>>> print(open('work-v3.cif').read())   # mmCIF, N, CA and C atoms
data_query
loop_
_atom_site.label_atom_id
_atom_site.label_comp_id
_atom_site.auth_asym_id
_atom_site.auth_seq_id
_atom_site.Cartn_x
_atom_site.Cartn_y
_atom_site.Cartn_z
N MET J 1 3.35 -17.22 -13.03
CA MET J 1 2.97 -15.86 -12.71
C MET J 1 2.39 -15.82 -11.30
N LYS J 2 2.72 -14.79 -10.59
CA LYS J 2 2.25 -14.61 -9.22
C LYS J 2 0.79 -14.15 -9.21
N PRO J 3 -0.07 -14.80 -8.40
CA PRO J 3 -1.46 -14.36 -8.32
C PRO J 3 -1.55 -12.92 -7.84
N PHE J 4 -2.45 -12.15 -8.43
CA PHE J 4 -2.58 -10.74 -8.11
C PHE J 4 -2.71 -10.49 -6.62
N GLU J 5 -3.53 -11.28 -5.95
CA GLU J 5 -3.78 -11.01 -4.53
C GLU J 5 -2.58 -11.29 -3.63
N THR J 6 -1.51 -11.86 -4.17
CA THR J 6 -0.29 -12.06 -3.38
C THR J 6 0.84 -11.17 -3.88
N TYR J 7 0.49 -10.13 -4.64
CA TYR J 7 1.51 -9.28 -5.25
C TYR J 7 2.42 -8.64 -4.21
N GLN J 8 1.87 -8.17 -3.12
CA GLN J 8 2.70 -7.59 -2.06
C GLN J 8 2.80 -8.59 -0.90
N HIS J 9 3.97 -8.64 -0.30
CA HIS J 9 4.18 -9.50 0.86
C HIS J 9 3.97 -8.69 2.13
N LEU J 10 3.15 -9.19 3.01
CA LEU J 10 2.91 -8.55 4.30
C LEU J 10 3.85 -9.15 5.33
N GLU J 11 4.59 -8.29 6.01
CA GLU J 11 5.55 -8.73 7.02
C GLU J 11 4.89 -9.69 8.01
N GLY J 12 5.57 -10.79 8.28
CA GLY J 12 5.07 -11.76 9.23
C GLY J 12 4.17 -12.81 8.63
N THR J 13 3.96 -12.77 7.32
CA THR J 13 3.15 -13.79 6.65
C THR J 13 4.06 -14.64 5.78
N LYS J 14 3.53 -15.79 5.35
CA LYS J 14 4.31 -16.71 4.53
C LYS J 14 4.64 -16.08 3.18
N MET J 15 5.88 -16.22 2.77
CA MET J 15 6.31 -15.71 1.46
C MET J 15 6.02 -16.75 0.38
N THR J 16 5.70 -16.24 -0.81
CA THR J 16 5.62 -17.12 -1.97
C THR J 16 7.05 -17.37 -2.45
N ALA J 17 7.23 -18.35 -3.31
CA ALA J 17 8.55 -18.62 -3.87
C ALA J 17 9.08 -17.39 -4.59
N ARG J 18 8.20 -16.68 -5.28
CA ARG J 18 8.64 -15.47 -6.00
C ARG J 18 9.06 -14.39 -5.01
N ASP J 19 8.31 -14.23 -3.88
CA ASP J 19 8.73 -13.26 -2.86
C ASP J 19 10.17 -13.52 -2.44
N GLU J 20 10.47 -14.79 -2.19
CA GLU J 20 11.81 -15.15 -1.72
C GLU J 20 12.89 -14.73 -2.71
N THR J 21 12.59 -14.77 -4.01
CA THR J 21 13.59 -14.35 -5.00
C THR J 21 13.67 -12.83 -5.14
N GLU J 22 12.63 -12.12 -4.69
CA GLU J 22 12.58 -10.66 -4.86
C GLU J 22 13.05 -9.88 -3.64
N VAL J 23 13.26 -10.53 -2.52
CA VAL J 23 13.70 -9.83 -1.31
C VAL J 23 14.93 -8.99 -1.63
N GLY J 24 14.89 -7.73 -1.23
CA GLY J 24 16.01 -6.83 -1.45
C GLY J 24 15.98 -6.10 -2.77
N SER J 25 15.05 -6.45 -3.65
CA SER J 25 14.95 -5.79 -4.95
C SER J 25 14.35 -4.40 -4.81
N LYS J 26 14.78 -3.47 -5.65
CA LYS J 26 14.18 -2.14 -5.63
C LYS J 26 12.78 -2.15 -6.22
N PHE J 27 12.33 -3.29 -6.73
CA PHE J 27 11.00 -3.41 -7.29
C PHE J 27 10.04 -4.17 -6.38
N TRP J 28 10.44 -4.45 -5.14
CA TRP J 28 9.65 -5.30 -4.25
C TRP J 28 9.42 -4.60 -2.92
N ASN J 29 8.16 -4.49 -2.53
CA ASN J 29 7.75 -3.97 -1.23
C ASN J 29 8.46 -2.68 -0.84
N LYS J 30 9.18 -2.65 0.28
CA LYS J 30 9.81 -1.41 0.75
C LYS J 30 10.84 -0.89 -0.24
N GLY J 31 11.51 -1.79 -0.95
CA GLY J 31 12.46 -1.34 -1.97
C GLY J 31 11.78 -0.52 -3.04
N LYS J 32 10.60 -0.93 -3.44
CA LYS J 32 9.84 -0.17 -4.43
C LYS J 32 9.40 1.17 -3.87
N TRP J 33 8.93 1.17 -2.64
CA TRP J 33 8.54 2.41 -1.95
C TRP J 33 9.73 3.37 -1.89
N ASP J 34 10.86 2.88 -1.41
CA ASP J 34 12.05 3.73 -1.26
C ASP J 34 12.58 4.23 -2.60
N SER J 35 12.51 3.39 -3.64
CA SER J 35 13.08 3.73 -4.94
C SER J 35 12.19 4.61 -5.79
N PHE J 36 10.87 4.39 -5.72
CA PHE J 36 9.99 5.02 -6.68
C PHE J 36 8.91 5.93 -6.10
N VAL J 37 8.76 5.96 -4.78
CA VAL J 37 7.76 6.84 -4.17
C VAL J 37 8.44 7.90 -3.31
N VAL J 38 9.27 7.49 -2.38
CA VAL J 38 9.90 8.41 -1.43
C VAL J 38 10.62 9.59 -2.11
N PRO J 39 11.31 9.38 -3.23
CA PRO J 39 11.99 10.53 -3.84
C PRO J 39 11.06 11.68 -4.23
N PHE J 40 9.77 11.43 -4.35
CA PHE J 40 8.82 12.46 -4.74
C PHE J 40 8.05 13.06 -3.56
N LEU J 41 8.36 12.59 -2.35
CA LEU J 41 7.66 13.06 -1.15
C LEU J 41 8.50 14.07 -0.39
N PRO J 42 7.83 14.98 0.32
CA PRO J 42 8.57 15.93 1.16
C PRO J 42 9.11 15.24 2.40
N GLU J 43 10.07 15.87 3.05
CA GLU J 43 10.59 15.32 4.31
C GLU J 43 9.49 15.27 5.37
N ASP J 44 8.74 16.36 5.49
CA ASP J 44 7.70 16.47 6.52
C ASP J 44 6.34 16.24 5.88
N CYS J 45 5.68 15.17 6.25
CA CYS J 45 4.37 14.82 5.69
C CYS J 45 3.24 15.04 6.69
N LYS J 46 3.54 15.68 7.81
CA LYS J 46 2.51 15.94 8.82
C LYS J 46 1.35 16.70 8.20
N GLU J 47 0.16 16.39 8.67
CA GLU J 47 -1.07 17.04 8.22
C GLU J 47 -1.31 16.87 6.72
N MET J 48 -0.70 15.84 6.11
CA MET J 48 -0.91 15.56 4.70
C MET J 48 -1.66 14.24 4.53
N THR J 49 -2.28 14.10 3.36
CA THR J 49 -3.05 12.91 3.02
C THR J 49 -2.44 12.24 1.81
N LEU J 50 -2.32 10.91 1.89
CA LEU J 50 -1.85 10.12 0.77
C LEU J 50 -2.92 9.09 0.40
N VAL J 51 -3.20 8.98 -0.89
CA VAL J 51 -4.12 7.97 -1.41
C VAL J 51 -3.33 7.07 -2.34
N ASP J 52 -3.46 5.76 -2.13
CA ASP J 52 -2.80 4.76 -2.98
C ASP J 52 -3.86 4.04 -3.79
N MET J 53 -3.87 4.31 -5.09
CA MET J 53 -4.82 3.67 -5.99
C MET J 53 -4.21 2.35 -6.46
N GLY J 54 -4.93 1.24 -6.26
CA GLY J 54 -4.39 -0.07 -6.59
C GLY J 54 -3.42 -0.51 -5.52
N CYS J 55 -3.83 -0.40 -4.27
CA CYS J 55 -2.94 -0.58 -3.11
C CYS J 55 -2.61 -2.03 -2.79
N ASN J 56 -3.25 -3.01 -3.45
CA ASN J 56 -3.09 -4.41 -3.07
C ASN J 56 -3.43 -4.52 -1.58
N PRO J 57 -2.69 -5.28 -0.75
CA PRO J 57 -3.09 -5.36 0.66
C PRO J 57 -2.61 -4.17 1.50
N GLY J 58 -1.89 -3.23 0.91
CA GLY J 58 -1.60 -1.98 1.61
C GLY J 58 -0.22 -1.81 2.21
N VAL J 59 0.79 -2.47 1.69
CA VAL J 59 2.15 -2.30 2.22
C VAL J 59 2.55 -0.82 2.21
N PHE J 60 2.24 -0.11 1.13
CA PHE J 60 2.62 1.30 1.04
C PHE J 60 1.83 2.17 2.01
N LEU J 61 0.63 1.73 2.39
CA LEU J 61 -0.17 2.50 3.34
C LEU J 61 0.53 2.56 4.69
N ASN J 62 1.01 1.41 5.14
CA ASN J 62 1.74 1.37 6.40
C ASN J 62 3.02 2.21 6.31
N LEU J 63 3.73 2.11 5.20
CA LEU J 63 4.96 2.89 5.03
C LEU J 63 4.66 4.39 5.00
N ALA J 64 3.53 4.78 4.42
CA ALA J 64 3.15 6.19 4.40
C ALA J 64 2.86 6.69 5.82
N LYS J 65 2.19 5.88 6.62
CA LYS J 65 1.95 6.27 8.02
C LYS J 65 3.28 6.40 8.77
N GLU J 66 4.19 5.46 8.54
CA GLU J 66 5.51 5.52 9.18
C GLU J 66 6.27 6.77 8.74
N LYS J 67 6.06 7.21 7.50
CA LYS J 67 6.72 8.41 6.97
C LYS J 67 6.16 9.67 7.62
N GLY J 68 4.94 9.58 8.16
CA GLY J 68 4.37 10.72 8.87
C GLY J 68 3.08 11.27 8.30
N PHE J 69 2.55 10.66 7.23
CA PHE J 69 1.27 11.14 6.70
C PHE J 69 0.19 11.00 7.76
N ASP J 70 -0.63 12.02 7.87
CA ASP J 70 -1.70 12.04 8.86
C ASP J 70 -2.84 11.11 8.45
N LYS J 71 -3.27 11.22 7.20
CA LYS J 71 -4.38 10.40 6.70
C LYS J 71 -3.89 9.61 5.50
N VAL J 72 -4.18 8.30 5.51
CA VAL J 72 -3.74 7.40 4.44
C VAL J 72 -4.91 6.50 4.07
N VAL J 73 -5.19 6.43 2.75
CA VAL J 73 -6.29 5.63 2.24
C VAL J 73 -5.80 4.84 1.03
N GLY J 74 -6.16 3.56 1.00
CA GLY J 74 -5.84 2.72 -0.14
C GLY J 74 -7.10 2.18 -0.79
N VAL J 75 -7.06 2.06 -2.12
CA VAL J 75 -8.19 1.55 -2.89
C VAL J 75 -7.72 0.39 -3.75
N ASP J 76 -8.48 -0.70 -3.73
CA ASP J 76 -8.19 -1.81 -4.63
C ASP J 76 -9.49 -2.53 -4.94
N SER J 77 -9.56 -3.13 -6.12
CA SER J 77 -10.78 -3.83 -6.52
C SER J 77 -10.70 -5.33 -6.26
N ASN J 78 -9.56 -5.80 -5.74
CA ASN J 78 -9.40 -7.23 -5.48
C ASN J 78 -9.79 -7.52 -4.03
N GLU J 79 -10.89 -8.24 -3.85
CA GLU J 79 -11.41 -8.49 -2.50
C GLU J 79 -10.43 -9.27 -1.63
N VAL J 80 -9.74 -10.24 -2.19
CA VAL J 80 -8.77 -11.03 -1.41
C VAL J 80 -7.65 -10.12 -0.90
N SER J 81 -7.15 -9.23 -1.74
CA SER J 81 -6.09 -8.31 -1.32
C SER J 81 -6.56 -7.41 -0.19
N ILE J 82 -7.75 -6.85 -0.34
CA ILE J 82 -8.27 -5.94 0.70
C ILE J 82 -8.49 -6.69 2.00
N GLU J 83 -9.05 -7.88 1.96
CA GLU J 83 -9.28 -8.65 3.19
C GLU J 83 -7.95 -9.02 3.86
N ARG J 84 -6.95 -9.43 3.07
CA ARG J 84 -5.61 -9.71 3.64
C ARG J 84 -5.07 -8.46 4.32
N GLY J 85 -5.20 -7.33 3.63
CA GLY J 85 -4.68 -6.08 4.17
C GLY J 85 -5.39 -5.64 5.44
N LYS J 86 -6.71 -5.77 5.46
CA LYS J 86 -7.46 -5.39 6.66
C LYS J 86 -7.10 -6.29 7.84
N GLY J 87 -6.95 -7.57 7.59
CA GLY J 87 -6.57 -8.49 8.65
C GLY J 87 -5.22 -8.13 9.24
N TRP J 88 -4.24 -7.87 8.37
CA TRP J 88 -2.89 -7.50 8.83
C TRP J 88 -2.93 -6.18 9.58
N ARG J 89 -3.64 -5.19 9.00
CA ARG J 89 -3.74 -3.86 9.64
C ARG J 89 -4.34 -3.98 11.03
N ASP J 90 -5.42 -4.72 11.15
CA ASP J 90 -6.10 -4.83 12.44
C ASP J 90 -5.27 -5.61 13.46
N ARG J 91 -4.61 -6.68 13.03
CA ARG J 91 -3.75 -7.45 13.96
C ARG J 91 -2.60 -6.60 14.49
N HIS J 92 -2.11 -5.69 13.66
CA HIS J 92 -0.97 -4.85 14.04
C HIS J 92 -1.38 -3.47 14.54
N LYS J 93 -2.69 -3.26 14.67
CA LYS J 93 -3.25 -2.01 15.19
C LYS J 93 -2.72 -0.77 14.44
N LYS J 94 -2.79 -0.84 13.13
CA LYS J 94 -2.35 0.26 12.27
C LYS J 94 -3.54 1.17 11.97
N ASP J 95 -3.26 2.39 11.58
CA ASP J 95 -4.29 3.40 11.40
C ASP J 95 -4.29 3.94 9.96
N TYR J 96 -4.94 3.20 9.08
CA TYR J 96 -5.17 3.67 7.72
C TYR J 96 -6.41 2.97 7.19
N LYS J 97 -6.94 3.50 6.10
CA LYS J 97 -8.21 2.99 5.57
C LYS J 97 -7.97 2.22 4.27
N LEU J 98 -8.64 1.09 4.14
CA LEU J 98 -8.63 0.29 2.92
C LEU J 98 -10.04 0.25 2.35
N LEU J 99 -10.19 0.59 1.07
CA LEU J 99 -11.49 0.57 0.41
C LEU J 99 -11.51 -0.48 -0.68
N LEU J 100 -12.52 -1.32 -0.69
CA LEU J 100 -12.75 -2.26 -1.77
C LEU J 100 -13.63 -1.55 -2.78
N ALA J 101 -13.04 -1.17 -3.91
CA ALA J 101 -13.80 -0.42 -4.92
C ALA J 101 -13.06 -0.42 -6.24
N GLN J 102 -13.81 -0.25 -7.30
CA GLN J 102 -13.21 0.03 -8.60
C GLN J 102 -12.70 1.48 -8.53
N MET J 103 -11.50 1.70 -8.97
CA MET J 103 -10.90 3.03 -8.86
C MET J 103 -11.78 4.12 -9.46
N GLU J 104 -12.40 3.83 -10.59
CA GLU J 104 -13.19 4.85 -11.26
C GLU J 104 -14.52 5.13 -10.57
N ASN J 105 -14.89 4.32 -9.58
CA ASN J 105 -16.18 4.49 -8.92
C ASN J 105 -16.08 5.00 -7.48
N CYS J 106 -14.91 5.36 -7.02
CA CYS J 106 -14.77 5.68 -5.59
C CYS J 106 -14.39 7.14 -5.30
N ILE J 107 -14.37 7.98 -6.30
CA ILE J 107 -13.89 9.35 -6.11
C ILE J 107 -14.63 10.08 -4.98
N ASN J 108 -15.93 9.83 -4.83
CA ASN J 108 -16.69 10.50 -3.78
C ASN J 108 -16.40 9.96 -2.39
N ASP J 109 -15.71 8.82 -2.31
CA ASP J 109 -15.38 8.22 -1.02
C ASP J 109 -13.96 8.56 -0.56
N LEU J 110 -13.24 9.32 -1.37
CA LEU J 110 -11.84 9.61 -1.06
C LEU J 110 -11.66 11.03 -0.54
N PRO J 111 -10.71 11.21 0.36
CA PRO J 111 -10.39 12.57 0.81
C PRO J 111 -9.59 13.30 -0.28
N VAL J 112 -9.54 14.60 -0.19
CA VAL J 112 -8.65 15.36 -1.07
C VAL J 112 -7.23 14.99 -0.65
N ALA J 113 -6.42 14.57 -1.61
CA ALA J 113 -5.09 14.06 -1.29
C ALA J 113 -4.00 15.06 -1.66
N ASP J 114 -3.00 15.12 -0.79
CA ASP J 114 -1.80 15.89 -1.13
C ASP J 114 -0.95 15.09 -2.10
N TYR J 115 -0.99 13.75 -1.97
CA TYR J 115 -0.26 12.83 -2.85
C TYR J 115 -1.15 11.65 -3.19
N THR J 116 -1.22 11.34 -4.46
CA THR J 116 -1.91 10.14 -4.93
C THR J 116 -0.89 9.31 -5.68
N ILE J 117 -0.76 8.04 -5.29
CA ILE J 117 0.18 7.16 -5.99
C ILE J 117 -0.57 6.04 -6.67
N PHE J 118 0.04 5.56 -7.74
CA PHE J 118 -0.51 4.48 -8.54
C PHE J 118 0.69 3.64 -8.95
N ALA J 119 1.17 2.84 -8.01
CA ALA J 119 2.45 2.15 -8.24
C ALA J 119 2.35 0.64 -8.30
N ASN J 120 1.22 0.07 -7.96
CA ASN J 120 1.14 -1.40 -7.85
C ASN J 120 0.08 -2.03 -8.73
N SER J 121 -0.33 -1.38 -9.77
CA SER J 121 -1.36 -1.95 -10.63
C SER J 121 -0.80 -2.25 -12.00
#
>>> encode(input="work-v3.cif", output="structure tokens")
Amino acid sequence: MKPFETYQHLEGTKMTARDETEVGSKFWNKGKWDSFVVPFLPEDCKEMTLVDMGCNPGVFLNLAKEKGFDKVVGVDSNEVSIERGKGWRDRHKKDYKLLLAQMENCINDLPVADYTIFANS
């Protein structure tokens, strides 16, 4: 079984053996985003907010920014995942927020979202 904190692969980092078998799958990273999230989003996401509950290190956060969302926030309770995500985000100068929190305890720290996804937990 794949350790939770390595559930998503961050571009430019070492892949696990399982990552290597999942490349190209509609259930892995961008394939999952394209298959199960994008069909529910509008074409124009300007001035919209997306919150990803259970974001792991935040692959979908970066994809949401690329799609055009103005504000993007991810929440996860796994410290290793959040630290991996923050390191990747900062190295690549990306603009989204990662919160280390239990989902049920962070409602007051989140913006009002146009879209909330729960796809990686």
>>> atom_distance(input="work-v3.cif", atom1="CA of Ala119 (chain J)", atom2="CA of Arg91 (chain J)")
25.0 Å
>>> atom_distance(input="work-v3.cif", atom1="CA of Thr116 (chain J)", atom2="CA of Val51 (chain J)")
4.7 Å
>>> atom_distance(input="work-v3.cif", atom1="atom N of Ile82 (chain J)", atom2="atom C of Lys65 (chain J)")
19.5 Å
>>> closest_residue(input="work-v3.cif", among="J:Asn78, J:Ser25, J:Thr49, J:Ser35", to="Gln102 (chain J)", atoms="only C-alpha atoms")
J:Asn78
>>> closest_residue(input="work-v3.cif", among="J:Met15, J:Thr6, J:Lys93, J:Leu50", to="Pro111 (chain J)", atoms="only N, CA and C atoms")
J:Leu50
>>> residues_around(input="work-v3.cif", residues="Glu22 (chain J)", least_positions_apart="4", cutoff="12 Å", atoms="only C-alpha atoms", output="ChimeraX atom specification")
/J:2,7-9,15-18,26-32
>>> write_last_selection(input="work-v3.cif", atoms="N, CA and C atoms", output="mmCIF file, keeping the file's coordinate frame")
data_model
loop_
_atom_site.group_PDB
_atom_site.id
_atom_site.type_symbol
_atom_site.label_atom_id
_atom_site.label_comp_id
_atom_site.auth_asym_id
_atom_site.auth_seq_id
_atom_site.Cartn_x
_atom_site.Cartn_y
_atom_site.Cartn_z
ATOM 1 N N LYS J 2 2.720 -14.790 -10.590
ATOM 2 C CA LYS J 2 2.250 -14.610 -9.220
ATOM 3 C C LYS J 2 0.790 -14.150 -9.210
ATOM 4 N N TYR J 7 0.490 -10.130 -4.640
ATOM 5 C CA TYR J 7 1.510 -9.280 -5.250
ATOM 6 C C TYR J 7 2.420 -8.640 -4.210
ATOM 7 N N GLN J 8 1.870 -8.170 -3.120
ATOM 8 C CA GLN J 8 2.700 -7.590 -2.060
ATOM 9 C C GLN J 8 2.800 -8.590 -0.900
ATOM 10 N N HIS J 9 3.970 -8.640 -0.300
ATOM 11 C CA HIS J 9 4.180 -9.500 0.860
ATOM 12 C C HIS J 9 3.970 -8.690 2.130
ATOM 13 N N MET J 15 5.880 -16.220 2.770
ATOM 14 C CA MET J 15 6.310 -15.710 1.460
ATOM 15 C C MET J 15 6.020 -16.750 0.380
ATOM 16 N N THR J 16 5.700 -16.240 -0.810
ATOM 17 C CA THR J 16 5.620 -17.120 -1.970
ATOM 18 C C THR J 16 7.050 -17.370 -2.450
ATOM 19 N N ALA J 17 7.230 -18.350 -3.310
ATOM 20 C CA ALA J 17 8.550 -18.620 -3.870
ATOM 21 C C ALA J 17 9.080 -17.390 -4.590
ATOM 22 N N ARG J 18 8.200 -16.680 -5.280
ATOM 23 C CA ARG J 18 8.640 -15.470 -6.000
ATOM 24 C C ARG J 18 9.060 -14.390 -5.010
ATOM 25 N N LYS J 26 14.780 -3.470 -5.650
ATOM 26 C CA LYS J 26 14.180 -2.140 -5.630
ATOM 27 C C LYS J 26 12.780 -2.150 -6.220
ATOM 28 N N PHE J 27 12.330 -3.290 -6.730
ATOM 29 C CA PHE J 27 11.000 -3.410 -7.290
ATOM 30 C C PHE J 27 10.040 -4.170 -6.380
ATOM 31 N N TRP J 28 10.440 -4.450 -5.140
ATOM 32 C CA TRP J 28 9.650 -5.300 -4.250
ATOM 33 C C TRP J 28 9.420 -4.600 -2.920
ATOM 34 N N ASN J 29 8.160 -4.490 -2.530
ATOM 35 C CA ASN J 29 7.750 -3.970 -1.230
ATOM 36 C C ASN J 29 8.460 -2.680 -0.840
ATOM 37 N N LYS J 30 9.180 -2.650 0.280
ATOM 38 C CA LYS J 30 9.810 -1.410 0.750
ATOM 39 C C LYS J 30 10.840 -0.890 -0.240
ATOM 40 N N GLY J 31 11.510 -1.790 -0.950
ATOM 41 C CA GLY J 31 12.460 -1.340 -1.970
ATOM 42 C C GLY J 31 11.780 -0.520 -3.040
ATOM 43 N N LYS J 32 10.600 -0.930 -3.440
ATOM 44 C CA LYS J 32 9.840 -0.170 -4.430
ATOM 45 C C LYS J 32 9.400 1.170 -3.870
#
>>> residues_around(input="work-v3.cif", residues="Met48 (chain J)", least_positions_apart="6", cutoff="8 Å", atoms="only N, CA and C atoms", output="PyMOL selection string")
chain J and resi 68-72+112-115
>>> residues_around(input="work-v3.cif", residues="Val73 (chain J)", least_positions_apart="6", cutoff="7 Å", atoms="only N, CA and C atoms", output="MDAnalysis selection string")
chainID J and resid 49:53 61 96:99
>>> axis_aligned_box(input="work-v3.cif", around="region 100-105 of chain J", padding_each_side="8 Å", output="lines of an AutoDock Vina configuration file")
center_x = -13.5
center_y = 1.4
center_z = -6.0
size_x = 21.3
size_y = 23.4
size_z = 26.6
>>> closest_residue(input="work-v3.cif", among="J:Pro57, J:Gly24, J:Gly12, J:Gly74", to="Met103 (chain J)", atoms="only C-alpha atoms")
J:Gly74
>>> select_by_dssp(input="work-v3.cif", residues="region 70-107 of chain J", states="alpha helix (DSSP H)", output="PyMOL selection string")
chain J and resi 79-91
>>> closest_residue(input="work-v3.cif", among="J:Thr21, J:Asp76, J:Arg84, J:Asn108", to="Gly54 (chain J)", atoms="only C-alpha atoms")
J:Asp76
>>> select_by_dssp(input="work-v3.cif", residues="chain J", states="strand (DSSP E)", output="list in words")
Thr49, Leu50, Val51, Asp52, Met53, Lys71, Val72, Val73, Gly74, Val75, Asp76, Lys97, Leu98, Leu99, Leu100, Tyr115, Thr116 and Ile117 of chain J
>>> decode(input="work-v3.cif", residues="region 73-92 of chain J", atoms="N, CA, C and O atoms", output="CSV table (one decimal), in the first residue's frame")
chain,number,residue,atom,x,y,z
J,73,VAL,N,-7.4,27.3,-2.1
J,73,VAL,CA,-6.9,26.9,-0.7
J,73,VAL,C,-7.1,25.4,-0.6
J,73,VAL,O,-8.1,24.8,-1.0
J,74,GLY,N,-6.1,24.7,-0.1
J,74,GLY,CA,-6.1,23.3,0.2
J,74,GLY,C,-6.0,23.0,1.7
J,74,GLY,O,-5.2,23.7,2.4
J,75,VAL,N,-6.7,22.0,2.2
J,75,VAL,CA,-6.7,21.6,3.6
J,75,VAL,C,-6.3,20.1,3.7
J,75,VAL,O,-6.9,19.3,2.9
J,76,ASP,N,-5.4,19.8,4.5
J,76,ASP,CA,-5.1,18.4,4.8
J,76,ASP,C,-4.6,18.3,6.2
J,76,ASP,O,-3.9,19.2,6.8
J,77,SER,N,-4.8,17.1,6.8
J,77,SER,CA,-4.4,16.9,8.2
J,77,SER,C,-3.0,16.2,8.3
J,77,SER,O,-2.5,16.0,9.4
J,78,ASN,N,-2.5,15.8,7.2
J,78,ASN,CA,-1.2,15.1,7.2
J,78,ASN,C,-0.1,16.1,7.0
J,78,ASN,O,0.1,16.7,6.0
J,79,GLU,N,0.7,16.2,8.1
J,79,GLU,CA,1.8,17.2,8.1
J,79,GLU,C,2.8,17.0,7.0
J,79,GLU,O,3.3,17.9,6.4
J,80,VAL,N,3.2,15.7,6.8
J,80,VAL,CA,4.2,15.4,5.7
J,80,VAL,C,3.7,15.9,4.4
J,80,VAL,O,4.4,16.5,3.6
J,81,SER,N,2.4,15.6,4.1
J,81,SER,CA,1.9,16.1,2.8
J,81,SER,C,1.9,17.6,2.6
J,81,SER,O,2.3,18.1,1.6
J,82,ILE,N,1.5,18.3,3.7
J,82,ILE,CA,1.4,19.7,3.6
J,82,ILE,C,2.8,20.3,3.5
J,82,ILE,O,3.1,21.2,2.7
J,83,GLU,N,3.8,19.8,4.2
J,83,GLU,CA,5.2,20.3,4.1
J,83,GLU,C,5.8,20.0,2.7
J,83,GLU,O,6.4,20.9,2.1
J,84,ARG,N,5.5,18.8,2.1
J,84,ARG,CA,5.9,18.5,0.8
J,84,ARG,C,5.3,19.5,-0.2
J,84,ARG,O,6.0,20.1,-1.1
J,85,GLY,N,4.0,19.8,0.0
J,85,GLY,CA,3.3,20.7,-0.9
J,85,GLY,C,3.8,22.1,-0.8
J,85,GLY,O,4.0,22.8,-1.8
J,86,LYS,N,4.1,22.6,0.4
J,86,LYS,CA,4.6,23.9,0.6
J,86,LYS,C,5.9,24.1,0.0
J,86,LYS,O,6.2,25.1,-0.6
J,87,GLY,N,6.8,23.1,0.2
J,87,GLY,CA,8.1,23.1,-0.4
J,87,GLY,C,8.1,23.2,-1.9
J,87,GLY,O,8.8,24.1,-2.5
J,88,TRP,N,7.2,22.4,-2.5
J,88,TRP,CA,7.1,22.4,-4.0
J,88,TRP,C,6.5,23.7,-4.5
J,88,TRP,O,7.0,24.3,-5.4
J,89,ARG,N,5.5,24.2,-3.8
J,89,ARG,CA,4.8,25.5,-4.2
J,89,ARG,C,5.8,26.6,-4.1
J,89,ARG,O,5.9,27.4,-5.0
J,90,ASP,N,6.6,26.7,-3.0
J,90,ASP,CA,7.5,27.8,-2.9
J,90,ASP,C,8.7,27.7,-3.9
J,90,ASP,O,9.1,28.7,-4.4
J,91,ARG,N,9.2,26.5,-4.1
J,91,ARG,CA,10.3,26.4,-5.1
J,91,ARG,C,9.8,26.8,-6.5
J,91,ARG,O,10.6,27.3,-7.3
J,92,HIS,N,8.5,26.6,-6.8
J,92,HIS,CA,8.0,26.9,-8.1
J,92,HIS,C,7.3,28.2,-8.2
J,92,HIS,O,6.6,28.5,-9.2
